[in-house]
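A.B. asks: Next comes the structure file entry.csv, holding CSV, C-alpha atoms.
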```csv
chain,number,residue,atom,x,y,z
A,1,MET,CA,0.0,0.0,0.0
A,2,PRO,CA,1.5,3.4,-0.9
A,3,LYS,CA,2.6,5.7,1.8
A,4,HIS,CA,0.8,9.1,2.2
A,5,PRO,CA,2.4,12.0,4.0
A,6,VAL,CA,0.8,12.9,7.3
A,7,SER,CA,3.2,15.6,8.4
A,8,ASN,CA,0.8,18.5,8.5
A,9,THR,CA,-2.9,19.3,9.0
A,10,GLU,CA,-3.9,19.5,5.3
A,11,SER,CA,-2.3,16.3,4.1
A,12,ARG,CA,-3.7,14.2,7.0
A,13,PHE,CA,-7.1,15.9,6.7
A,14,SER,CA,-7.2,15.3,3.0
A,15,ARG,CA,-6.3,11.6,3.2
A,16,LEU,CA,-8.7,11.0,6.1
A,17,THR,CA,-11.5,12.6,4.0
A,18,SER,CA,-10.7,10.4,1.1
A,19,LEU,CA,-10.7,7.1,3.1
A,20,LEU,CA,-13.8,8.0,5.1
A,21,ALA,CA,-15.7,8.8,1.9
A,22,GLU,CA,-14.4,5.7,0.1
A,23,TRP,CA,-15.4,3.3,2.8
A,24,GLN,CA,-18.6,5.0,4.1
A,25,PRO,CA,-20.9,2.2,2.6
A,26,LEU,CA,-19.3,-0.1,5.3
A,27,TRP,CA,-18.9,2.2,8.3
A,28,ARG,CA,-22.1,4.3,8.2
A,29,PRO,CA,-24.8,1.5,8.4
A,30,ALA,CA,-25.3,0.5,12.0
A,31,PRO,CA,-25.6,-3.4,12.1
A,32,PHE,CA,-28.1,-2.9,15.0
A,33,MET,CA,-30.7,-1.6,12.6
A,34,TYR,CA,-30.5,-4.5,10.1
A,35,ARG,CA,-30.9,-8.2,10.1
A,36,ARG,CA,-28.1,-8.1,7.6
A,37,PRO,CA,-26.0,-5.0,7.0
A,38,PRO,CA,-26.3,-3.6,3.5
A,39,TRP,CA,-22.6,-4.4,2.8
A,40,GLN,CA,-22.7,-8.0,4.0
A,41,GLU,CA,-23.6,-9.5,0.6
A,42,ALA,CA,-20.7,-7.7,-1.2
A,43,TYR,CA,-18.2,-8.6,1.5
A,44,ARG,CA,-19.4,-12.0,2.4
A,45,GLU,CA,-15.9,-13.3,3.3
A,46,LEU,CA,-15.3,-10.4,5.6
A,47,ALA,CA,-18.6,-11.0,7.4
A,48,ASP,CA,-17.9,-14.7,7.7
A,49,VAL,CA,-14.5,-14.0,9.3
A,50,LEU,CA,-16.0,-11.5,11.8
A,51,LEU,CA,-18.9,-13.9,12.7
A,52,GLU,CA,-16.4,-16.7,13.5
A,53,LEU,CA,-14.4,-14.6,16.1
A,54,ASP,CA,-14.6,-15.7,19.7
A,55,ASP,CA,-15.4,-13.4,22.6
A,56,LEU,CA,-11.8,-12.8,23.5
A,57,GLN,CA,-10.9,-11.8,19.9
A,58,VAL,CA,-13.8,-9.5,19.8
A,59,ALA,CA,-12.8,-7.8,23.1
A,60,ARG,CA,-9.2,-7.4,21.9
A,61,LEU,CA,-10.3,-5.8,18.6
A,62,GLN,CA,-12.8,-3.5,20.4
A,63,ALA,CA,-9.9,-2.3,22.6
A,64,ASN,CA,-7.3,-2.1,19.9
A,65,PRO,CA,-8.6,-2.3,16.3
A,66,TRP,CA,-5.2,-1.7,14.7
A,67,GLN,CA,-3.1,-4.6,16.0
A,68,ASP,CA,-3.3,-8.0,14.2
A,69,SER,CA,-6.6,-7.2,12.7
A,70,PRO,CA,-8.4,-9.8,10.5
A,71,LEU,CA,-10.0,-6.8,8.7
A,72,SER,CA,-6.6,-6.0,7.1
A,73,ASP,CA,-7.3,-8.2,4.1
A,74,TRP,CA,-10.3,-6.1,3.1
A,75,LEU,CA,-9.9,-2.6,4.8
A,76,PRO,CA,-7.0,-0.1,5.0
A,77,VAL,CA,-6.2,-0.9,8.6
A,78,ARG,CA,-2.5,0.0,8.5
A,79,GLU,CA,-3.0,3.3,6.8
A,80,LEU,CA,-5.7,4.3,9.1
A,81,ALA,CA,-3.5,3.4,12.1
A,82,GLU,CA,-0.8,5.7,10.8
A,83,LEU,CA,-3.2,8.5,10.2
A,84,VAL,CA,-4.6,8.5,13.7
A,85,ARG,CA,-1.3,8.1,15.5
A,86,LEU,CA,-0.6,11.1,17.7
A,87,GLU,CA,2.1,11.8,20.2
A,88,PRO,CA,1.5,12.9,23.8
A,89,LEU,CA,1.9,16.7,24.2
A,90,ALA,CA,4.6,18.1,26.3
A,91,ALA,CA,3.6,18.3,30.0
A,92,SER,CA,4.9,20.0,33.1
A,93,PRO,CA,4.1,17.9,36.2
A,94,GLY,CA,2.8,20.0,39.1
A,95,SER,CA,2.1,19.3,42.7
A,96,LEU,CA,-1.2,19.9,44.6
A,97,PRO,CA,-2.0,19.6,48.3
A,98,GLU,CA,-3.1,16.2,49.4
A,99,GLY,CA,-6.9,15.7,49.0
A,100,TRP,CA,-7.2,18.6,46.5
A,101,GLY,CA,-9.3,16.5,44.2
A,102,ARG,CA,-11.5,14.9,46.9
A,103,HIS,CA,-14.6,16.6,45.5
A,104,VAL,CA,-14.1,14.9,42.1
A,105,GLY,CA,-14.5,11.3,40.9
A,106,GLY,CA,-11.2,9.5,40.6
A,107,ARG,CA,-11.0,9.1,36.8
A,108,LYS,CA,-12.3,12.6,36.2
A,109,TRP,CA,-9.8,14.0,38.7
A,110,ARG,CA,-6.9,12.3,36.9
A,111,GLN,CA,-8.1,13.8,33.6
A,112,ILE,CA,-8.1,17.3,35.2
A,113,GLU,CA,-4.5,16.7,36.5
A,114,ALA,CA,-3.3,15.6,33.1
A,115,PHE,CA,-5.0,18.5,31.3
A,116,SER,CA,-3.6,21.0,33.7
A,117,GLN,CA,-0.1,19.7,33.2
A,118,CYS,CA,-0.4,20.2,29.4
A,119,LEU,CA,-1.5,23.8,29.8
A,120,GLN,CA,1.1,26.4,28.8
A,121,VAL,CA,0.3,29.7,30.5
A,122,ASN,CA,2.1,33.0,29.7
A,123,SER,CA,2.5,35.6,32.4
A,124,HIS,CA,0.4,38.2,30.5
A,125,GLU,CA,-2.6,35.9,29.9
A,126,SER,CA,-5.8,35.7,31.9
A,127,LEU,CA,-7.4,32.2,32.2
A,128,LEU,CA,-11.0,31.6,31.2
A,129,ASP,CA,-12.7,28.2,31.9
A,130,TRP,CA,-15.4,27.5,29.4
A,131,CYS,CA,-18.5,25.5,30.6
A,132,ALA,CA,-16.9,25.1,34.0
A,133,GLY,CA,-19.5,23.1,36.0
A,134,LYS,CA,-18.5,23.3,39.6
A,135,GLY,CA,-15.1,24.8,38.7
A,136,HIS,CA,-13.0,21.7,39.5
A,137,LEU,CA,-10.7,22.5,36.6
A,138,ALA,CA,-10.6,26.2,37.3
A,139,ARG,CA,-9.5,25.6,40.9
A,140,THR,CA,-6.8,23.3,39.8
A,141,LEU,CA,-5.5,25.7,37.2
A,142,ALA,CA,-5.6,28.6,39.7
A,143,ARG,CA,-3.5,26.6,42.2
A,144,CYS,CA,-1.1,25.0,39.7
A,145,HIS,CA,-0.4,28.1,37.7
A,146,ALA,CA,-0.8,30.7,40.4
A,147,VAL,CA,-3.3,32.8,38.4
A,148,GLU,CA,-6.8,34.0,38.8
A,149,VAL,CA,-9.3,32.1,36.8
A,150,THR,CA,-12.7,33.2,35.5
A,151,ALA,CA,-15.1,30.3,35.1
A,152,LEU,CA,-18.2,30.5,33.0
A,153,GLU,CA,-21.2,28.2,33.8
A,154,TRP,CA,-24.8,28.7,32.9
A,155,GLN,CA,-26.4,26.8,35.9
A,156,VAL,CA,-26.7,29.1,38.9
A,157,SER,CA,-26.6,26.2,41.4
A,158,LEU,CA,-23.2,25.0,40.0
A,159,CYS,CA,-21.8,28.5,40.1
A,160,GLU,CA,-22.8,28.8,43.8
A,161,GLU,CA,-21.3,25.4,44.6
A,162,GLY,CA,-18.1,26.2,42.6
A,163,GLN,CA,-17.7,29.5,44.4
A,164,ARG,CA,-18.1,27.8,47.8
A,165,LEU,CA,-15.5,25.2,46.9
A,166,ALA,CA,-13.1,27.8,45.6
A,167,ALA,CA,-13.4,29.7,48.9
A,168,ALA,CA,-12.9,26.5,50.9
A,169,GLN,CA,-9.7,25.8,49.0
A,170,HIS,CA,-8.5,29.4,48.9
A,171,ALA,CA,-8.4,29.3,45.1
A,172,PRO,CA,-8.6,32.6,43.2
A,173,VAL,CA,-11.6,31.6,41.0
A,174,LEU,CA,-14.5,33.8,40.0
A,175,MET,CA,-17.5,31.8,39.0
A,176,ARG,CA,-19.7,33.7,36.5
A,177,GLN,CA,-23.2,32.6,35.5
A,178,GLN,CA,-23.2,32.8,31.7
A,179,ASP,CA,-24.8,31.1,28.8
A,180,VAL,CA,-21.8,30.7,26.5
A,181,MET,CA,-24.1,30.5,23.5
A,182,ALA,CA,-25.4,34.0,24.2
A,183,GLU,CA,-24.1,37.0,22.2
A,184,GLU,CA,-22.6,38.7,25.3
A,185,ALA,CA,-20.3,35.7,25.9
A,186,GLY,CA,-17.8,37.1,23.4
A,187,GLY,CA,-17.1,39.9,25.9
A,188,PHE,CA,-15.1,37.6,28.1
A,189,LEU,CA,-12.5,36.9,25.4
A,190,SER,CA,-9.7,39.2,24.2
A,191,LEU,CA,-6.2,39.0,22.7
A,192,HIS,CA,-4.9,38.4,26.2
A,193,THR,CA,-7.3,35.7,27.2
A,194,HIS,CA,-6.3,32.0,27.3
A,195,VAL,CA,-9.6,30.1,27.1
A,196,VAL,CA,-9.6,26.4,28.2
A,197,ALA,CA,-12.2,23.7,28.1
A,198,LEU,CA,-12.0,20.1,29.2
A,199,HIS,CA,-14.6,18.0,27.3
A,200,ALA,CA,-16.9,20.8,26.2
A,201,CYS,CA,-19.6,19.3,24.0
A,202,GLY,CA,-20.5,19.9,20.4
A,203,ASP,CA,-21.9,23.4,19.8
A,204,LEU,CA,-20.4,24.6,23.0
A,205,HIS,CA,-16.8,24.1,21.9
A,206,LEU,CA,-17.5,25.2,18.4
A,207,ARG,CA,-18.8,28.5,19.9
A,208,LEU,CA,-15.6,28.7,21.9
A,209,LEU,CA,-13.5,28.4,18.7
A,210,GLU,CA,-15.6,30.9,16.8
A,211,LEU,CA,-15.3,33.6,19.5
A,212,ALA,CA,-11.6,32.8,20.3
A,213,ALA,CA,-10.7,33.1,16.6
A,214,ALA,CA,-12.5,36.4,16.4
A,215,ALA,CA,-10.8,37.8,19.5
A,216,GLY,CA,-7.3,36.2,18.9
A,217,SER,CA,-7.5,34.4,22.3
A,218,THR,CA,-5.1,31.5,23.0
A,219,VAL,CA,-7.0,28.1,23.1
A,220,THR,CA,-6.4,24.9,25.0
A,221,LEU,CA,-9.3,22.5,24.2
A,222,ALA,CA,-10.2,18.9,24.7
A,223,PRO,CA,-13.3,18.5,22.5
A,224,CYS,CA,-16.1,16.0,23.1
A,225,CYS,CA,-19.6,14.8,22.0
A,226,TYR,CA,-19.5,16.2,18.5
A,227,HIS,CA,-23.0,15.0,17.9
A,228,ARG,CA,-24.5,17.4,20.5
A,229,THR,CA,-25.4,20.0,17.9
A,230,GLN,CA,-28.5,21.7,16.6
A,231,ASP,CA,-27.6,20.8,13.0
A,232,GLU,CA,-29.0,17.5,11.6
A,233,VAL,CA,-26.2,17.5,8.9
A,234,TYR,CA,-22.7,18.4,9.8
A,235,ARG,CA,-21.3,21.6,8.1
A,236,SER,CA,-17.5,21.8,8.2
A,237,THR,CA,-16.2,24.7,10.3
A,238,SER,CA,-13.2,25.4,8.1
A,239,GLN,CA,-12.9,26.4,4.5
A,240,LEU,CA,-10.6,23.4,3.9
A,241,GLY,CA,-13.1,21.0,5.5
A,242,ARG,CA,-15.9,22.3,3.2
A,243,ARG,CA,-13.7,22.0,0.1
A,244,LEU,CA,-12.6,18.4,1.0
A,245,SER,CA,-16.2,17.3,1.9
A,246,ASP,CA,-17.4,18.6,-1.5
A,247,GLU,CA,-14.5,17.1,-3.4
A,248,TYR,CA,-14.7,13.5,-2.3
A,249,PRO,CA,-17.7,13.8,-1.2
A,250,LEU,CA,-18.4,13.2,2.5
A,251,ARG,CA,-21.7,14.1,4.2
A,252,LEU,CA,-22.1,13.4,7.9
A,253,ASP,CA,-25.3,13.4,9.9
A,254,ARG,CA,-25.7,13.5,13.7
A,255,ASP,CA,-25.6,9.7,14.0
A,256,ASP,CA,-22.3,9.6,12.1
A,257,LEU,CA,-20.9,12.2,14.6
A,258,ALA,CA,-22.0,10.0,17.5
A,259,LEU,CA,-19.9,7.1,16.1
A,260,ALA,CA,-16.8,9.2,16.8
A,261,VAL,CA,-17.4,9.0,20.6
A,262,GLN,CA,-18.8,5.5,21.0
A,263,GLU,CA,-15.5,4.1,22.4
A,264,THR,CA,-15.7,3.9,26.2
A,265,VAL,CA,-13.3,2.9,29.0
A,266,THR,CA,-13.8,-0.7,29.9
A,267,ALA,CA,-16.6,-0.9,32.4
A,268,PRO,CA,-16.9,-3.3,35.3
A,269,ARG,CA,-18.2,-6.8,34.5
A,270,GLY,CA,-21.7,-6.1,36.0
A,271,VAL,CA,-22.1,-2.9,33.9
A,272,ARG,CA,-21.0,-4.7,30.7
A,273,HIS,CA,-23.5,-7.5,31.4
A,274,ARG,CA,-26.4,-5.1,31.9
A,275,ARG,CA,-25.4,-3.3,28.7
A,276,GLU,CA,-25.3,-6.5,26.7
A,277,ARG,CA,-28.6,-7.6,28.2
A,278,ALA,CA,-30.3,-4.3,27.2
A,279,ASN,CA,-28.9,-4.6,23.7
A,280,ALA,CA,-30.1,-8.2,23.4
A,281,TRP,CA,-33.6,-7.3,24.6
A,282,ARG,CA,-33.8,-4.4,22.1
A,283,LEU,CA,-32.8,-6.7,19.3
A,284,GLY,CA,-35.3,-9.4,20.5
A,285,PHE,CA,-38.0,-6.7,20.5
A,286,ASP,CA,-36.9,-5.7,17.0
A,287,GLU,CA,-37.4,-9.2,15.7
A,288,MET,CA,-40.9,-9.3,17.2
A,289,GLN,CA,-42.0,-5.8,16.0
A,290,ARG,CA,-40.9,-6.7,12.4
A,291,GLU,CA,-43.2,-9.7,12.4
A,292,LEU,CA,-46.1,-7.9,14.2
A,293,ARG,CA,-46.0,-4.9,11.8
A,294,ASP,CA,-45.2,-7.2,8.8
A,295,GLU,CA,-42.5,-4.6,7.9
A,296,ASP,CA,-38.8,-5.5,7.8
A,297,SER,CA,-37.5,-2.2,9.1
A,298,TYR,CA,-36.0,-1.0,12.3
A,299,LEU,CA,-38.2,0.8,14.9
A,300,PRO,CA,-36.2,2.9,17.3
A,301,VAL,CA,-37.2,2.6,21.0
A,302,PRO,CA,-36.4,5.3,23.6
A,303,SER,CA,-33.4,4.8,25.7
A,304,LEU,CA,-33.6,3.9,29.4
A,305,ALA,CA,-31.0,4.2,32.1
A,306,TYR,CA,-29.9,0.8,33.3
A,307,GLY,CA,-31.4,1.3,36.7
A,308,ARG,CA,-34.8,1.9,35.1
A,309,MET,CA,-34.8,-1.1,32.8
A,310,PRO,CA,-37.7,-3.6,33.4
A,311,GLU,CA,-36.7,-6.7,35.3
A,312,CYS,CA,-37.4,-9.2,32.5
A,313,PHE,CA,-37.7,-9.4,28.7
A,314,VAL,CA,-41.5,-9.8,28.8
A,315,ALA,CA,-41.8,-6.6,30.8
A,316,PHE,CA,-39.4,-4.8,28.5
A,317,CYS,CA,-41.4,-5.8,25.4
A,318,HIS,CA,-44.7,-4.5,27.0
A,319,TRP,CA,-42.9,-1.3,27.9
A,320,ALA,CA,-41.5,-0.8,24.4
A,321,ALA,CA,-44.7,-1.8,22.6
A,322,GLN,CA,-46.6,0.8,24.7
A,323,ARG,CA,-44.1,3.5,23.7
A,324,LYS,CA,-44.5,2.6,20.0
A,325,GLY,CA,-48.2,2.1,20.0
A,326,LEU,CA,-48.1,-1.7,19.3
A,327,ASP,CA,-50.6,-4.2,20.6
A,328,LEU,CA,-49.1,-7.5,21.8
A,329,PRO,CA,-51.4,-10.5,21.4
A,330,GLY,CA,-51.9,-12.2,24.8
A,331,SER,CA,-51.1,-15.6,23.3
A,332,LEU,CA,-47.7,-14.4,21.8
A,333,ASP,CA,-44.8,-16.5,23.1
A,334,LEU,CA,-42.0,-14.1,23.7
A,335,ALA,CA,-39.3,-16.6,24.7
A,336,PRO,CA,-38.1,-17.3,21.1
A,337,TYR,CA,-37.7,-13.6,20.5
A,338,GLU,CA,-35.5,-13.3,23.6
A,339,ARG,CA,-33.3,-16.1,22.3
A,340,SER,CA,-33.2,-14.5,18.9
A,341,GLY,CA,-32.2,-11.2,20.5
A,342,TRP,CA,-29.2,-12.8,22.2
A,343,GLN,CA,-28.1,-14.4,19.0
A,344,ARG,CA,-28.3,-11.1,17.1
A,345,GLN,CA,-26.5,-9.3,19.9
A,346,ALA,CA,-23.5,-11.6,19.4
A,347,GLU,CA,-23.6,-11.1,15.6
A,348,VAL,CA,-24.0,-7.3,15.9
A,349,LYS,CA,-21.1,-7.1,18.3
A,350,ARG,CA,-18.8,-8.8,15.7
A,351,LEU,CA,-20.1,-6.9,12.6
A,352,GLU,CA,-19.8,-3.6,14.5
A,353,LEU,CA,-16.0,-4.1,14.4
A,354,VAL,CA,-16.0,-2.6,10.9
A,355,ARG,CA,-17.5,0.6,12.4
A,356,HIS,CA,-15.1,0.5,15.3
A,357,LEU,CA,-12.2,0.7,12.9
A,358,PHE,CA,-13.4,4.1,11.7
A,359,ARG,CA,-14.3,5.6,15.1
A,360,ARG,CA,-10.9,7.2,15.8
A,361,PRO,CA,-10.3,8.3,12.1
A,362,LEU,CA,-13.7,10.0,12.2
A,363,GLU,CA,-12.8,11.8,15.5
A,364,ILE,CA,-9.4,12.9,14.2
A,365,TRP,CA,-11.2,14.1,11.0
A,366,LEU,CA,-13.5,16.3,13.1
A,367,VAL,CA,-10.6,17.7,15.1
A,368,MET,CA,-8.7,18.4,11.9
A,369,ASP,CA,-11.6,20.5,10.8
A,370,ARG,CA,-11.3,22.5,14.0
A,371,LEU,CA,-7.5,22.8,13.6
A,372,SER,CA,-8.0,24.0,10.0
A,373,LEU,CA,-10.4,26.7,11.2
A,374,LEU,CA,-7.8,28.0,13.6
A,375,GLU,CA,-5.0,27.9,11.1
A,376,GLU,CA,-7.1,29.8,8.6
A,377,ALA,CA,-7.6,32.4,11.4
A,378,GLY,CA,-3.8,32.8,11.7
A,379,TYR,CA,-3.1,30.4,14.6
A,380,GLU,CA,-0.2,28.1,15.2
A,381,VAL,CA,-1.7,24.8,16.3
A,382,GLU,CA,-0.6,21.6,18.1
A,383,LEU,CA,-2.6,18.4,18.3
A,384,GLY,CA,-1.7,15.5,20.5
A,385,THR,CA,-3.0,13.5,23.5
A,386,PHE,CA,-3.0,14.7,27.1
A,387,CYS,CA,-3.6,11.4,28.8
A,388,ALA,CA,-3.8,7.6,28.1
A,389,THR,CA,-6.8,6.1,26.4
A,390,GLU,CA,-7.5,4.0,29.4
A,391,LEU,CA,-8.2,7.2,31.4
A,392,THR,CA,-10.5,8.6,28.7
A,393,PRO,CA,-10.8,7.8,25.0
A,394,ARG,CA,-11.6,11.5,24.5
A,395,ASN,CA,-7.9,12.3,25.1
A,396,LEU,CA,-7.2,14.7,22.1
A,397,LEU,CA,-6.0,18.1,23.0
A,398,ILE,CA,-5.7,21.2,20.8
A,399,ARG,CA,-3.3,23.9,21.7
A,400,ALA,CA,-3.5,27.0,19.6
A,401,LYS,CA,-1.9,30.5,19.7
A,402,LYS,CA,-2.4,33.5,17.5
A,403,THR,CA,0.7,34.3,15.5
```
Starting from the coordinates I provided, produce the structure as structure tokens.
C.D. replies:
Amino acid sequence: MPKHPVSNTESRFSRLTSLLAEWQPLWRPAPFMYRRPPWQEAYRELADVLLELDDLQVARLQANPWQDSPLSDWLPVRELAELVRLEPLAASPGSLPEGWGRHVGGRKWRQIEAFSQCLQVNSHESLLDWCAGKGHLARTLARCHAVEVTALEWQVSLCEEGQRLAAAQHAPVLMRQQDVMAEEAGGFLSLHTHVVALHACGDLHLRLLELAAAAGSTVTLAPCCYHRTQDEVYRSTSQLGRRLSDEYPLRLDRDDLALAVQETVTAPRGVRHRRERANAWRLGFDEMQRELRDEDSYLPVPSLAYGRMPECFVAFCHWAAQRKGLDLPGSLDLAPYERSGWQRQAEVKRLELVRHLFRRPLEIWLVMDRLSLLEEAGYEVELGTFCATELTPRNLLIRAKKT
């Protein structure tokens, strides 16, 4: 396979666009929605290989889709692996008082520590925490970098709790109640502002980039949840992204954006089992509703938190049928559908490995679009990781400074 240069934003962005566009007939369809994915007939050997994988092989490929992948005979695994490879950004370890993060969950606290260590603050900059929540990140930055931090948060209760915690820890943090999507939010940014955000979602971090680029503010951003946007169809933020999307072409909807963040940290065994059971029940109900409606099409069912799931498959079917306006015959035997659901769940888990291969490339593509926006606005940009994937798969960090 020919090598392609990936030494700068444009070349990496261009090649990712080309590959995502070329292979979208395989990665866009969600196997959950089909008895047989649309690509399965054309790639019968690939599907057969995936369906024969045992559970250990599936778990390994879910965790690392690049190493010793059986998909390499059909898909550009090695090239995609090269395109998504990023180095950790330079970090400066700092020290905090013992118990400083006691108000934060363990994994989230370690993310805050790692993010703070990758932040490069100049003496003339004022720090602005975007979508600050209770100000956990803002307090850490104020302590580690010995600066005052302004923290924007739209929920009054979180602002009040954040200000209380800042006072208790003697951290120079000013919590400000502010909707960052409102017009007046731009007044907080200037040429001397360094705006930071750890896992700001969708439109919230796009708003940050828009206002920062207009003001010339320095940016340190770990983006997240690209699908949390008002737009049904993704519109590239950069001129380069729009040109590449038209050239290849590549059109992404909200479900495609959600694929980029489907990878999660390995959950405890009990949580994994409840998740698999919920998926199996949904697939069992799907088999049943296709027969009841005499229509071979997927019928989406509302999501439920695991703690609110019905206790058995029969109860779940009645709940789902009620939500979708279906009448279940009293004589209907639901046991075969539950068995069918577990069988489909095992098949879907294996066929989904094709989509898993394109999760990180899609996420890198979305971040490349954001980097291109900043470069077009006259910024020097860096992209790398700020922590290990095991801590959070959303470990990409953009550092950008106006030249």
A.B. asks: Go through A:Leu26, A:Val233, A:Ala171, A:Leu371 and flag the residue nearest Leu351 of chain A, using all atoms listed in the file for the distances.
C.D. replies: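 Using all atoms listed in the file, Leu351 of chain A sits closest to A:Leu26.
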A.B. asks: Between A:Ile398, A:Leu257, A:Leu373, A:Leu141, single out the one closest to Pro88 of chain A, counting only C-alpha atoms.
C.D. replies: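 Closest residue, counting only C-alpha atoms: A:Ile398.
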A.B. asks: Under the rule that only C-alpha atoms are counted, which of A:Arg12, A:Arg60, A:Arg102, A:His192 is the nearest residue to Gln169 of chain A?
C.D. replies: A:Arg102
A.B. asks: What is the atom CA of Gln239 of chain A to atom CA of Tyr379 of chain A distance in Å?
C.D. replies: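 Taking atom CA of Gln239 of chain A and atom CA of Tyr379 of chain A, their separation equals 14.6 Å.
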A.B. asks: Tell me which residues come within 9 Å of (-8.4, 24.8, 12.3), as a list in words, counting all atoms listed in the file in the file's coordinates.
C.D. replies: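 Selection result: Thr9, Leu209, Thr237, Ser238, Leu240, Val367, Met368, Asp369, Arg370, Leu371, Ser372, Leu373, Leu374, Glu375, Glu376, Ala377, Tyr379 and Val381 of chain A.
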A.B. asks: One decimal, in Å: what's the spacing between atom CA of Glu347 of chain A and atom CA of Leu50 of chain A?
C.D. replies: 8.5 Å
A.B. asks: Have a look at A:Trp23, A:Asp54, A:His273, A:Val180 and name the one nearest to Trp39 of chain A; count all atoms listed in the file.
C.D. replies: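 Closest candidate: A:Trp23.
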A.B. asks: How far is it from atom CA of Val149 of chain A to atom CA of Thr385 of chain A, in Å with one decimal?
C.D. replies: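 Atom CA of Val149 of chain A sits 23.7 Å away from atom CA of Thr385 of chain A.
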A.B. asks: Using all atoms listed in the file, which residue out of A:Ala400, A:Tyr34, A:Leu362, A:Ala222 lies closest to Leu252 of chain A?
C.D. replies: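 Using all atoms listed in the file, the shortest distance to Leu252 of chain A belongs to A:Leu362.
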A.B. asks: Which one of A:Gly241, A:Arg394, A:Val354, A:Leu89 sits closest to Ser72 of chain A if you count all atoms listed in the file?
C.D. replies: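 With all atoms listed in the file as the atom set, the closest residue is A:Val354.
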A.B. asks: Might you pull out every residue within 12 Å of Gln155 of chain A, with only C-alpha atoms counted and same-chain residues fewer than 4 positions away left off, and present them as a PyMOL selection string?
C.D. replies: chain A and resi 131-135+151+159-162+175-180
A.B. asks: Sort by chain and increasing residue number a table of all residues of segment 29-142 of chain A within 10 Å of segment 291-306 of chain A, each with its closest pair of atoms and their distance in Å to one decimal, counting all atoms listed in the file, and write it as a Markdown table.
C.D. replies:
```
| residue | atom | partner | partner_atom | distance |
| --- | --- | --- | --- | --- |
| A:Phe32 | CA | A:Tyr298 | CA | 8.6 |
| A:Met33 | CA | A:Tyr298 | CA | 5.3 |
| A:Tyr34 | CA | A:Tyr298 | CA | 6.9 |
| A:Arg35 | CA | A:Asp296 | CA | 8.7 |
```
A.B. asks: Include C-alpha atoms and write out the residues we just selected as an mmCIF file, keeping the file's coordinate frame.
C.D. replies:
```
data_model
loop_
_atom_site.group_PDB
_atom_site.id
_atom_site.type_symbol
_atom_site.label_atom_id
_atom_site.label_comp_id
_atom_site.auth_asym_id
_atom_site.auth_seq_id
_atom_site.Cartn_x
_atom_site.Cartn_y
_atom_site.Cartn_z
ATOM 1 C CA PHE A 32 -28.100 -2.900 15.000
ATOM 2 C CA MET A 33 -30.700 -1.600 12.600
ATOM 3 C CA TYR A 34 -30.500 -4.500 10.100
ATOM 4 C CA ARG A 35 -30.900 -8.200 10.100
#
```
A.B. asks: Using all atoms listed in the file, which protein or nucleic acid residues come within 12 Å of Ala315 of chain A? Drop anything in the same chain fewer than 2 positions from it, and give the result as a PDB file with C-alpha atoms, in the coordinates of the input.
C.D. replies:
```
ATOM      1  CA  TRP A 281     -33.600  -7.300  24.600  1.00  0.00           C
ATOM      2  CA  PHE A 285     -38.000  -6.700  20.500  1.00  0.00           C
ATOM      3  CA  ARG A 308     -34.800   1.900  35.100  1.00  0.00           C
ATOM      4  CA  MET A 309     -34.800  -1.100  32.800  1.00  0.00           C
ATOM      5  CA  PRO A 310     -37.700  -3.600  33.400  1.00  0.00           C
ATOM      6  CA  GLU A 311     -36.700  -6.700  35.300  1.00  0.00           C
ATOM      7  CA  CYS A 312     -37.400  -9.200  32.500  1.00  0.00           C
ATOM      8  CA  PHE A 313     -37.700  -9.400  28.700  1.00  0.00           C
ATOM      9  CA  CYS A 317     -41.400  -5.800  25.400  1.00  0.00           C
ATOM     10  CA  HIS A 318     -44.700  -4.500  27.000  1.00  0.00           C
ATOM     11  CA  TRP A 319     -42.900  -1.300  27.900  1.00  0.00           C
ATOM     12  CA  ALA A 320     -41.500  -0.800  24.400  1.00  0.00           C
ATOM     13  CA  ALA A 321     -44.700  -1.800  22.600  1.00  0.00           C
ATOM     14  CA  GLN A 322     -46.600   0.800  24.700  1.00  0.00           C
ATOM     15  CA  LEU A 328     -49.100  -7.500  21.800  1.00  0.00           C
ATOM     16  CA  LEU A 334     -42.000 -14.100  23.700  1.00  0.00           C
ATOM     17  CA  ALA A 335     -39.300 -16.600  24.700  1.00  0.00           C
ATOM     18  CA  GLU A 338     -35.500 -13.300  23.600  1.00  0.00           C
TER      19      GLU A 338
END
```
A.B. asks: Name the residues, using the chain letters and numbers of the file, that sit within 12 Å of (-9.4, -2.6, 18.4) when counting only C-alpha atoms, and give them as number ranges by chain.
C.D. replies: A: 56-71, 77, 81, 263-264, 350, 352-360
A.B. asks: Could you name the residues that touch segment 198-206 of chain A at 10 Å or less, counting all atoms listed in the file, but leaving out those on the same chain fewer than 2 positions away, as number ranges by chain?
C.D. replies: A: 111-112, 115-116, 129-132, 137, 179-181, 196, 208-212, 220-231, 237, 257, 370, 394-397
A.B. asks: Name all residues at most 8 Å from Leu283 of chain A (count only C-alpha atoms; drop same-chain ones fewer than 6 positions away) and give them as a list in words.
C.D. replies: Phe32, Ser340, Gly341, Trp342, Arg344 and Gln345 of chain A
A.B. asks: Next, the residues of the selection above should be written as a PDB file, keeping the file's coordinate frame with C-alpha atoms.
C.D. replies:
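Written output follows (result23.pdb):
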```pdb
ATOM      1  CA  PHE A  32     -28.100  -2.900  15.000  1.00  0.00           C
ATOM      2  CA  SER A 340     -33.200 -14.500  18.900  1.00  0.00           C
ATOM      3  CA  GLY A 341     -32.200 -11.200  20.500  1.00  0.00           C
ATOM      4  CA  TRP A 342     -29.200 -12.800  22.200  1.00  0.00           C
ATOM      5  CA  ARG A 344     -28.300 -11.100  17.100  1.00  0.00           C
ATOM      6  CA  GLN A 345     -26.500  -9.300  19.900  1.00  0.00           C
TER       7      GLN A 345
END
```
